[in-house]
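Asks: Sharing model_38.cif here; it has mmCIF, C-alpha atoms, pLDDT in the B column; chains and numbers go by the auth columns.
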data_target
loop_
_atom_site.group_PDB
_atom_site.id
_atom_site.type_symbol
_atom_site.label_atom_id
_atom_site.label_comp_id
_atom_site.label_asym_id
_atom_site.label_seq_id
_atom_site.Cartn_x
_atom_site.Cartn_y
_atom_site.Cartn_z
_atom_site.B_iso_or_equiv
_atom_site.auth_seq_id
_atom_site.auth_asym_id
ATOM 1 C CA MET A 1 33.488 -33.073 -36.020 41.00 1 A
ATOM 2 C CA LEU A 2 29.845 -34.045 -35.315 39.00 2 A
ATOM 3 C CA ARG A 3 30.903 -36.306 -32.443 46.00 3 A
ATOM 4 C CA SER A 4 32.971 -33.460 -31.031 44.00 4 A
ATOM 5 C CA ARG A 5 29.942 -31.134 -31.048 43.00 5 A
ATOM 6 C CA VAL A 6 27.766 -33.727 -29.364 43.00 6 A
ATOM 7 C CA ARG A 7 30.333 -34.241 -26.627 47.00 7 A
ATOM 8 C CA ARG A 8 30.612 -30.510 -26.020 50.00 8 A
ATOM 9 C CA GLY A 9 26.836 -29.936 -25.995 48.00 9 A
ATOM 10 C CA ARG A 10 26.978 -27.674 -29.059 50.00 10 A
ATOM 11 C CA LEU A 11 24.517 -29.526 -31.254 47.00 11 A
ATOM 12 C CA PRO A 12 21.391 -27.359 -31.533 54.00 12 A
ATOM 13 C CA CYS A 13 18.090 -28.764 -30.280 59.00 13 A
ATOM 14 C CA LEU A 14 16.267 -30.443 -33.154 70.00 14 A
ATOM 15 C CA ALA A 15 12.761 -30.189 -31.675 65.00 15 A
ATOM 16 C CA GLY A 16 11.046 -28.486 -28.766 71.00 16 A
ATOM 17 C CA VAL A 17 8.306 -26.113 -27.691 68.00 17 A
ATOM 18 C CA ARG A 18 8.842 -22.380 -28.071 74.00 18 A
ATOM 19 C CA THR A 19 6.671 -19.572 -26.739 74.00 19 A
ATOM 20 C CA ALA A 20 5.984 -16.515 -28.870 76.00 20 A
ATOM 21 C CA TRP A 21 5.243 -13.581 -26.595 80.00 21 A
ATOM 22 C CA ARG A 22 3.060 -10.565 -27.396 86.00 22 A
ATOM 23 C CA THR A 23 2.987 -7.369 -25.334 90.00 23 A
ATOM 24 C CA THR A 24 -0.507 -6.259 -24.346 90.00 24 A
ATOM 25 C CA GLY A 25 0.301 -3.475 -21.885 91.00 25 A
ATOM 26 C CA ASP A 26 2.944 -1.837 -19.748 94.00 26 A
ATOM 27 C CA GLY A 27 3.398 0.199 -16.614 94.00 27 A
ATOM 28 C CA GLU A 28 5.383 0.296 -13.389 95.00 28 A
ATOM 29 C CA PHE A 29 5.473 -2.313 -10.635 95.00 29 A
ATOM 30 C CA PHE A 30 7.593 -3.449 -7.703 95.00 30 A
ATOM 31 C CA CYS A 31 9.883 -6.135 -9.122 95.00 31 A
ATOM 32 C CA PRO A 32 10.403 -8.991 -6.627 92.00 32 A
ATOM 33 C CA ALA A 33 13.767 -9.844 -8.182 94.00 33 A
ATOM 34 C CA CYS A 34 15.172 -6.316 -8.426 94.00 34 A
ATOM 35 C CA GLY A 35 13.683 -5.231 -5.115 91.00 35 A
ATOM 36 C CA GLY A 36 12.489 -1.864 -6.416 93.00 36 A
ATOM 37 C CA ASP A 37 10.156 -0.024 -8.766 95.00 37 A
ATOM 38 C CA ARG A 38 10.663 -1.020 -12.388 95.00 38 A
ATOM 39 C CA ALA A 39 8.917 -0.710 -15.732 96.00 39 A
ATOM 40 C CA PHE A 40 7.096 -3.831 -16.862 96.00 40 A
ATOM 41 C CA ARG A 41 5.462 -5.331 -19.928 94.00 41 A
ATOM 42 C CA HIS A 42 2.311 -7.415 -19.625 94.00 42 A
ATOM 43 C CA ARG A 43 2.736 -10.302 -22.070 92.00 43 A
ATOM 44 C CA THR A 44 0.651 -13.166 -23.377 89.00 44 A
ATOM 45 C CA GLY A 45 2.144 -16.147 -25.182 82.00 45 A
ATOM 46 C CA HIS A 46 1.314 -18.891 -27.669 80.00 46 A
ATOM 47 C CA ARG A 47 3.269 -22.150 -27.625 80.00 47 A
ATOM 48 C CA ARG A 48 4.305 -23.933 -30.804 78.00 48 A
ATOM 49 C CA LEU A 49 6.158 -27.112 -31.531 75.00 49 A
ATOM 50 C CA VAL A 50 9.432 -26.200 -33.242 73.00 50 A
ATOM 51 C CA LEU A 51 11.384 -28.564 -35.486 70.00 51 A
ATOM 52 C CA LEU A 52 14.805 -27.526 -36.792 68.00 52 A
ATOM 53 C CA GLY A 53 13.986 -23.940 -35.903 66.00 53 A
ATOM 54 C CA LEU A 54 10.691 -23.906 -37.789 67.00 54 A
ATOM 55 C CA PRO A 55 7.421 -23.357 -35.872 64.00 55 A
ATOM 56 C CA LEU A 56 4.924 -26.122 -36.658 68.00 56 A
ATOM 57 C CA LEU A 57 1.976 -27.285 -34.546 65.00 57 A
ATOM 58 C CA PRO A 58 0.343 -24.962 -32.010 65.00 58 A
ATOM 59 C CA ARG A 59 0.594 -26.216 -28.418 70.00 59 A
ATOM 60 C CA GLY A 60 -1.844 -23.877 -26.682 75.00 60 A
ATOM 61 C CA THR A 61 -1.423 -20.627 -24.815 81.00 61 A
ATOM 62 C CA ALA A 62 1.016 -19.758 -22.044 81.00 62 A
ATOM 63 C CA PRO A 63 -0.218 -18.084 -18.847 87.00 63 A
ATOM 64 C CA PRO A 64 0.118 -14.287 -19.012 91.00 64 A
ATOM 65 C CA VAL A 65 3.223 -12.921 -17.358 93.00 65 A
ATOM 66 C CA VAL A 66 4.653 -9.658 -16.131 94.00 66 A
ATOM 67 C CA GLU A 67 8.115 -9.100 -17.583 94.00 67 A
ATOM 68 C CA CYS A 68 10.493 -6.731 -15.786 95.00 68 A
ATOM 69 C CA ALA A 69 12.157 -4.333 -18.201 93.00 69 A
ATOM 70 C CA ALA A 70 15.334 -4.344 -16.116 95.00 70 A
ATOM 71 C CA CYS A 71 16.062 -7.968 -15.182 95.00 71 A
ATOM 72 C CA ARG A 72 13.794 -9.585 -17.843 92.00 72 A
ATOM 73 C CA GLY A 73 12.346 -11.835 -15.169 94.00 73 A
ATOM 74 C CA HIS A 74 8.864 -13.274 -15.677 92.00 74 A
ATOM 75 C CA PHE A 75 6.345 -13.133 -12.842 95.00 75 A
ATOM 76 C CA GLY A 76 2.692 -14.032 -12.392 92.00 76 A
ATOM 77 C CA THR A 77 0.169 -11.246 -12.803 91.00 77 A
ATOM 78 C CA ALA A 78 -0.304 -11.274 -9.019 92.00 78 A
ATOM 79 C CA ALA A 79 2.919 -9.236 -8.897 92.00 79 A
ATOM 80 C CA LEU A 80 0.882 -6.241 -10.053 92.00 80 A
ATOM 81 C CA GLU A 81 -1.227 -6.385 -6.886 90.00 81 A
ATOM 82 C CA GLY A 82 1.707 -5.133 -4.822 89.00 82 A
ATOM 83 C CA LEU A 83 2.320 -1.432 -4.329 91.00 83 A
ATOM 84 C CA THR A 84 5.196 0.414 -5.889 93.00 84 A
ATOM 85 C CA THR A 85 7.488 2.241 -3.492 92.00 85 A
ATOM 86 C CA HIS A 86 6.113 5.580 -4.664 92.00 86 A
ATOM 87 C CA ARG A 87 2.497 4.482 -4.195 92.00 87 A
ATOM 88 C CA LEU A 88 3.205 3.019 -0.758 93.00 88 A
ATOM 89 C CA SER A 89 4.902 6.246 0.342 93.00 89 A
ATOM 90 C CA ALA A 90 1.926 8.298 -0.840 93.00 90 A
ATOM 91 C CA LEU A 91 -0.541 6.059 0.991 93.00 91 A
ATOM 92 C CA LEU A 92 1.512 6.281 4.180 94.00 92 A
ATOM 93 C CA ARG A 93 1.553 10.085 3.989 94.00 93 A
ATOM 94 C CA ASP A 94 -2.205 10.178 3.514 93.00 94 A
ATOM 95 C CA ALA A 95 -2.707 7.675 6.340 94.00 95 A
ATOM 96 C CA VAL A 96 -0.780 9.778 8.874 94.00 96 A
ATOM 97 C CA HIS A 97 -2.652 12.861 7.642 93.00 97 A
ATOM 98 C CA SER A 98 -6.035 11.152 8.113 92.00 98 A
ATOM 99 C CA VAL A 99 -5.167 9.760 11.540 94.00 99 A
ATOM 100 C CA ALA A 100 -3.973 13.180 12.693 93.00 100 A
ATOM 101 C CA LEU A 101 -7.149 14.813 11.385 91.00 101 A
ATOM 102 C CA ALA A 102 -9.393 12.235 13.074 91.00 102 A
ATOM 103 C CA VAL A 103 -7.667 12.548 16.451 93.00 103 A
ATOM 104 C CA LEU A 104 -7.733 16.330 16.164 91.00 104 A
ATOM 105 C CA ALA A 105 -11.475 16.223 15.478 88.00 105 A
ATOM 106 C CA ALA A 106 -12.043 13.920 18.456 90.00 106 A
ATOM 107 C CA SER A 107 -10.069 16.207 20.750 88.00 107 A
ATOM 108 C CA GLY A 108 -12.314 19.155 19.919 84.00 108 A
ATOM 109 C CA CYS A 109 -9.395 21.192 18.499 83.00 109 A
ATOM 110 C CA GLY A 110 -9.316 23.279 21.666 81.00 110 A
ATOM 111 C CA SER A 111 -5.823 22.380 22.801 88.00 111 A
ATOM 112 C CA ARG A 112 -2.930 24.224 21.232 92.00 112 A
ATOM 113 C CA THR A 113 -0.508 21.400 22.076 94.00 113 A
ATOM 114 C CA THR A 114 -2.762 18.874 20.336 93.00 114 A
ATOM 115 C CA ARG A 115 -2.976 21.056 17.235 93.00 115 A
ATOM 116 C CA GLU A 116 0.790 21.486 17.206 94.00 116 A
ATOM 117 C CA ALA A 117 1.347 17.729 17.618 95.00 117 A
ATOM 118 C CA ALA A 118 -1.002 17.025 14.700 94.00 118 A
ATOM 119 C CA VAL A 119 0.776 19.507 12.460 94.00 119 A
ATOM 120 C CA GLU A 120 4.191 18.123 13.390 95.00 120 A
ATOM 121 C CA ALA A 121 3.104 14.550 12.636 94.00 121 A
ATOM 122 C CA VAL A 122 1.740 15.521 9.220 94.00 122 A
ATOM 123 C CA ARG A 123 4.887 17.480 8.359 95.00 123 A
ATOM 124 C CA ALA A 124 7.135 14.582 9.372 94.00 124 A
ATOM 125 C CA ALA A 125 5.055 12.196 7.240 92.00 125 A
ATOM 126 C CA GLY A 126 5.830 14.104 4.057 91.00 126 A
ATOM 127 C CA TYR A 127 3.792 17.329 4.008 92.00 127 A
ATOM 128 C CA PRO A 128 6.396 19.852 5.190 93.00 128 A
ATOM 129 C CA GLU A 129 4.265 22.863 4.259 92.00 129 A
ATOM 130 C CA CYS A 130 1.302 21.800 6.411 92.00 130 A
ATOM 131 C CA THR A 131 -0.009 24.476 8.790 92.00 131 A
ATOM 132 C CA GLU A 132 -2.486 24.493 11.630 92.00 132 A
ATOM 133 C CA ASP A 133 -4.872 26.647 9.607 92.00 133 A
ATOM 134 C CA GLN A 134 -4.797 24.153 6.739 91.00 134 A
ATOM 135 C CA LEU A 135 -5.667 21.236 9.024 90.00 135 A
ATOM 136 C CA LEU A 136 -8.519 23.127 10.659 89.00 136 A
ATOM 137 C CA ALA A 137 -9.873 24.266 7.291 89.00 137 A
ATOM 138 C CA LEU A 138 -9.768 20.715 5.956 86.00 138 A
ATOM 139 C CA LEU A 139 -11.520 19.425 9.051 83.00 139 A
ATOM 140 C CA ALA A 140 -14.246 22.024 8.637 82.00 140 A
ATOM 141 C CA ALA A 141 -14.660 21.032 4.985 80.00 141 A
ATOM 142 C CA VAL A 142 -15.042 17.348 5.888 73.00 142 A
ATOM 143 C CA ARG A 143 -17.621 18.160 8.531 69.00 143 A
ATOM 144 C CA ALA A 144 -19.616 20.245 6.059 69.00 144 A
ATOM 145 C CA GLY A 145 -19.442 17.684 3.255 59.00 145 A
ATOM 146 C CA PRO A 146 -22.021 15.157 2.032 53.00 146 A
ATOM 147 C CA LEU A 147 -20.995 12.488 4.560 45.00 147 A
ATOM 148 C CA HIS A 148 -21.749 14.893 7.399 44.00 148 A
ATOM 149 C CA THR A 149 -25.168 15.655 5.874 43.00 149 A
ATOM 150 C CA ALA A 150 -25.936 11.933 5.742 39.00 150 A
ATOM 151 C CA ALA A 151 -24.820 11.457 9.342 40.00 151 A
ATOM 152 C CA ALA A 152 -27.078 14.279 10.510 42.00 152 A
ATOM 153 C CA ALA A 153 -30.080 12.424 9.066 39.00 153 A
ATOM 154 C CA LEU A 154 -29.564 9.429 11.365 37.00 154 A
ATOM 155 C CA GLU A 155 -31.752 8.938 14.421 42.00 155 A
ATOM 156 C CA GLU A 156 -28.653 9.286 16.605 41.00 156 A
ATOM 157 C CA PRO A 157 -26.344 11.506 14.551 39.00 157 A
ATOM 158 C CA ASP A 158 -22.615 11.190 15.182 49.00 158 A
ATOM 159 C CA PRO A 159 -20.821 14.494 14.518 50.00 159 A
ATOM 160 C CA GLN A 160 -17.568 12.605 13.885 60.00 160 A
ATOM 161 C CA LEU A 161 -19.032 10.019 11.498 63.00 161 A
ATOM 162 C CA ALA A 162 -17.778 11.756 8.361 62.00 162 A
ATOM 163 C CA VAL A 163 -14.251 11.893 9.787 70.00 163 A
ATOM 164 C CA HIS A 164 -14.400 8.206 10.779 71.00 164 A
ATOM 165 C CA ILE A 165 -15.580 7.155 7.321 77.00 165 A
ATOM 166 C CA GLY A 166 -12.827 9.164 5.641 79.00 166 A
ATOM 167 C CA LEU A 167 -10.288 7.589 7.980 86.00 167 A
ATOM 168 C CA CYS A 168 -11.377 4.048 7.105 87.00 168 A
ATOM 169 C CA GLU A 169 -11.384 4.803 3.379 89.00 169 A
ATOM 170 C CA VAL A 170 -7.716 5.795 3.586 91.00 170 A
ATOM 171 C CA LEU A 171 -6.509 3.023 5.913 93.00 171 A
ATOM 172 C CA GLU A 172 -8.313 0.003 4.455 92.00 172 A
ATOM 173 C CA PRO A 173 -6.413 -0.098 1.107 91.00 173 A
ATOM 174 C CA LEU A 174 -3.104 0.323 2.943 92.00 174 A
ATOM 175 C CA ALA A 175 -3.500 -2.245 5.724 93.00 175 A
ATOM 176 C CA PRO A 176 -2.823 -5.426 3.660 92.00 176 A
ATOM 177 C CA HIS A 177 0.482 -4.002 2.444 91.00 177 A
ATOM 178 C CA LEU A 178 1.945 -3.140 5.855 92.00 178 A
ATOM 179 C CA ALA A 179 3.758 -5.474 8.200 92.00 179 A
ATOM 180 C CA ALA A 180 2.768 -5.422 11.868 94.00 180 A
ATOM 181 C CA PRO A 181 5.423 -2.836 12.897 95.00 181 A
ATOM 182 C CA GLY A 182 4.201 -0.427 10.219 94.00 182 A
ATOM 183 C CA ARG A 183 0.560 -0.751 11.278 95.00 183 A
ATOM 184 C CA GLU A 184 1.512 -0.292 14.910 96.00 184 A
ATOM 185 C CA ARG A 185 3.554 2.792 14.081 95.00 185 A
ATOM 186 C CA LEU A 186 0.503 4.424 12.487 95.00 186 A
ATOM 187 C CA LEU A 187 -1.525 3.800 15.631 96.00 187 A
ATOM 188 C CA LEU A 188 1.247 5.258 17.774 96.00 188 A
ATOM 189 C CA HIS A 189 1.293 8.418 15.640 95.00 189 A
ATOM 190 C CA GLY A 190 -2.330 8.958 16.587 96.00 190 A
ATOM 191 C CA ALA A 191 -1.694 8.102 20.238 96.00 191 A
ATOM 192 C CA ALA A 192 1.073 10.701 20.470 96.00 192 A
ATOM 193 C CA ILE A 193 -1.263 13.401 19.178 95.00 193 A
ATOM 194 C CA ALA A 194 -4.037 12.383 21.578 95.00 194 A
ATOM 195 C CA LEU A 195 -1.655 12.430 24.544 95.00 195 A
ATOM 196 C CA ALA A 196 -0.135 15.818 23.717 94.00 196 A
ATOM 197 C CA ASP A 197 -2.495 17.601 26.130 92.00 197 A
ATOM 198 C CA GLY A 198 -2.992 14.851 28.694 93.00 198 A
ATOM 199 C CA PRO A 199 -4.676 11.431 29.062 94.00 199 A
ATOM 200 C CA TYR A 200 -6.869 10.018 26.307 95.00 200 A
ATOM 201 C CA GLN A 201 -10.313 11.534 26.066 94.00 201 A
ATOM 202 C CA PRO A 202 -13.132 9.025 25.404 93.00 202 A
ATOM 203 C CA ALA A 203 -13.605 10.346 21.850 91.00 203 A
ATOM 204 C CA GLU A 204 -9.870 10.138 21.172 93.00 204 A
ATOM 205 C CA ARG A 205 -9.788 6.604 22.497 94.00 205 A
ATOM 206 C CA GLU A 206 -12.661 5.670 20.184 92.00 206 A
ATOM 207 C CA VAL A 207 -10.806 7.045 17.167 93.00 207 A
ATOM 208 C CA LEU A 208 -7.632 5.171 18.072 95.00 208 A
ATOM 209 C CA GLU A 209 -9.574 1.925 18.463 94.00 209 A
ATOM 210 C CA THR A 210 -11.112 2.543 15.020 93.00 210 A
ATOM 211 C CA VAL A 211 -7.618 3.001 13.597 95.00 211 A
ATOM 212 C CA ALA A 212 -6.495 -0.254 15.211 95.00 212 A
ATOM 213 C CA ARG A 213 -9.490 -2.244 13.937 94.00 213 A
ATOM 214 C CA THR A 214 -9.103 -0.908 10.410 94.00 214 A
ATOM 215 C CA LEU A 215 -5.427 -1.835 10.450 95.00 215 A
ATOM 216 C CA ALA A 216 -6.260 -5.339 11.741 94.00 216 A
ATOM 217 C CA ILE A 217 -4.422 -4.831 15.025 96.00 217 A
ATOM 218 C CA ARG A 218 -5.695 -7.244 17.671 96.00 218 A
ATOM 219 C CA PRO A 219 -7.503 -5.735 20.691 95.00 219 A
ATOM 220 C CA ALA A 220 -4.862 -7.057 23.104 96.00 220 A
ATOM 221 C CA ASP A 221 -2.108 -5.457 21.039 96.00 221 A
ATOM 222 C CA THR A 222 -4.110 -2.231 20.838 96.00 222 A
ATOM 223 C CA GLU A 223 -4.319 -2.061 24.620 96.00 223 A
ATOM 224 C CA ARG A 224 -0.622 -2.784 24.943 96.00 224 A
ATOM 225 C CA LEU A 225 0.371 -0.115 22.427 96.00 225 A
ATOM 226 C CA LEU A 226 -1.896 2.580 23.836 96.00 226 A
ATOM 227 C CA ALA A 227 -0.664 1.871 27.342 95.00 227 A
ATOM 228 C CA ALA A 228 2.964 1.969 26.209 94.00 228 A
ATOM 229 C CA ALA A 229 2.398 5.322 24.491 93.00 229 A
ATOM 230 C CA ARG A 230 0.915 6.684 27.726 86.00 230 A
ATOM 231 C CA ALA A 231 3.821 5.565 29.873 74.00 231 A
ATOM 232 C CA PRO A 232 6.469 8.257 30.488 66.00 232 A
ATOM 233 C CA SER A 233 9.685 7.720 28.570 54.00 233 A
ATOM 234 C CA SER A 234 12.774 7.012 30.649 42.00 234 A
#
The structure in this file should be written as structure tokens.

Replies:
Amino acid sequence: MLRSRVRRGRLPCLAGVRTAWRTTGDGEFFCPACGGDRAFRHRTGHRRLVLLGLPLLPRGTAPPVVECAACRGHFGTAALEGLTTHRLSALLRDAVHSVALAVLAASGCGSRTTREAAVEAVRAAGYPECTEDQLLALLAAVRAGPLHTAAAALEEPDPQLAVHIGLCEVLEPLAPHLAAPGRERLLLHGAAIALADGPYQPAEREVLETVARTLAIRPADTERLLAAARAPSS
């Protein structure tokens, strides 16, 4: 009978190293194996030499892992640096909103077609209740805020500095998580708003170049994209 079990691989392992895991936290992350948002457990482990099922000598600690609650896969803690789908969607909405606001500020808000293009872009990004009055009120609030006060104290004050700073604060955390087509699409959203009432104004062009730099789009690609947006569609 013993020989039969050996042949069939049924004899239990007499000795080995086993890891005892302990949960130290939990949350939600984007699981690389599942390909979607999942609950996770953050776990730390201690290794022990096991003989006949009995834990004996300690063999040190195991690297901390992130365990997916769905597939039970173990991943390095770097997996938590990625964005969940929900978080990425929220950042994209805010990015389009900020780009639209910055271009609108650069345009001077005098053109009705520019205002309408900004509102339409923000609605399409995920704020369906956005109105022109809301955008203008928010722009006025940014201009009257503490960043605007600090800008006014400079030797050469820039009336759009507060808007530019707010734009960078929204785009910088998002840029590393977007592939090139996603970053380019954000720039093109702004270009479409700027072109709604005619060619780029110098201030609009400056804002779009700021968007491109913050999103790590190369200058040559920026020129190509802005020129393509300006070309009439066939």

Asks: So which one's closest to Pro63 of chain A, A:Gly110, A:Phe29, A:Thr84, A:Phe75? Using only C-alpha atoms, please.

Replies: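 Checking each candidate against Pro63 of chain A, we get A:Phe75 as the closest.
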
Asks: Just checking: using all atoms listed in the file, which residue out of A:Val207, A:Ala194, A:Ile217, A:Cys168 ends up closest to Pro181 of chain A?

Replies: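 Result for the nearest residue to Pro181 of chain A: A:Ile217.
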
Asks: Given the point (-8.8, 15.2, 11.9) in the file's coordinates, find the residues that have an atom at most 10 Å from it, counting all atoms listed in the file, and give them as number ranges by chain.

Replies: A: 97-109, 115, 118, 135-136, 138-140, 142-143, 160, 163-164, 166-167, 207

Asks: Using the chain letters and numbers from this file, what does the PyMOL selection byres ((chain A and resi 78) around 12) select? Give the answer as JSON, numbers by chain.

Replies: {"A": [29, 30, 31, 32, 42, 63, 64, 65, 66, 74, 75, 76, 77, 79, 80, 81, 82, 83]}

Asks: From the set A:Glu28, A:Pro219, A:Val50, A:Gly45, which residue has the shortest atom-to-atom contact distance to Gly16 of chain A, counting only C-alpha atoms?

Replies: A:Val50

Asks: Atom CA of Glu120 of chain A and atom CA of Glu184 of chain A are how many Å apart?

Replies: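 Separating atom CA of Glu120 of chain A from atom CA of Glu184 of chain A is a distance of 18.7 Å.
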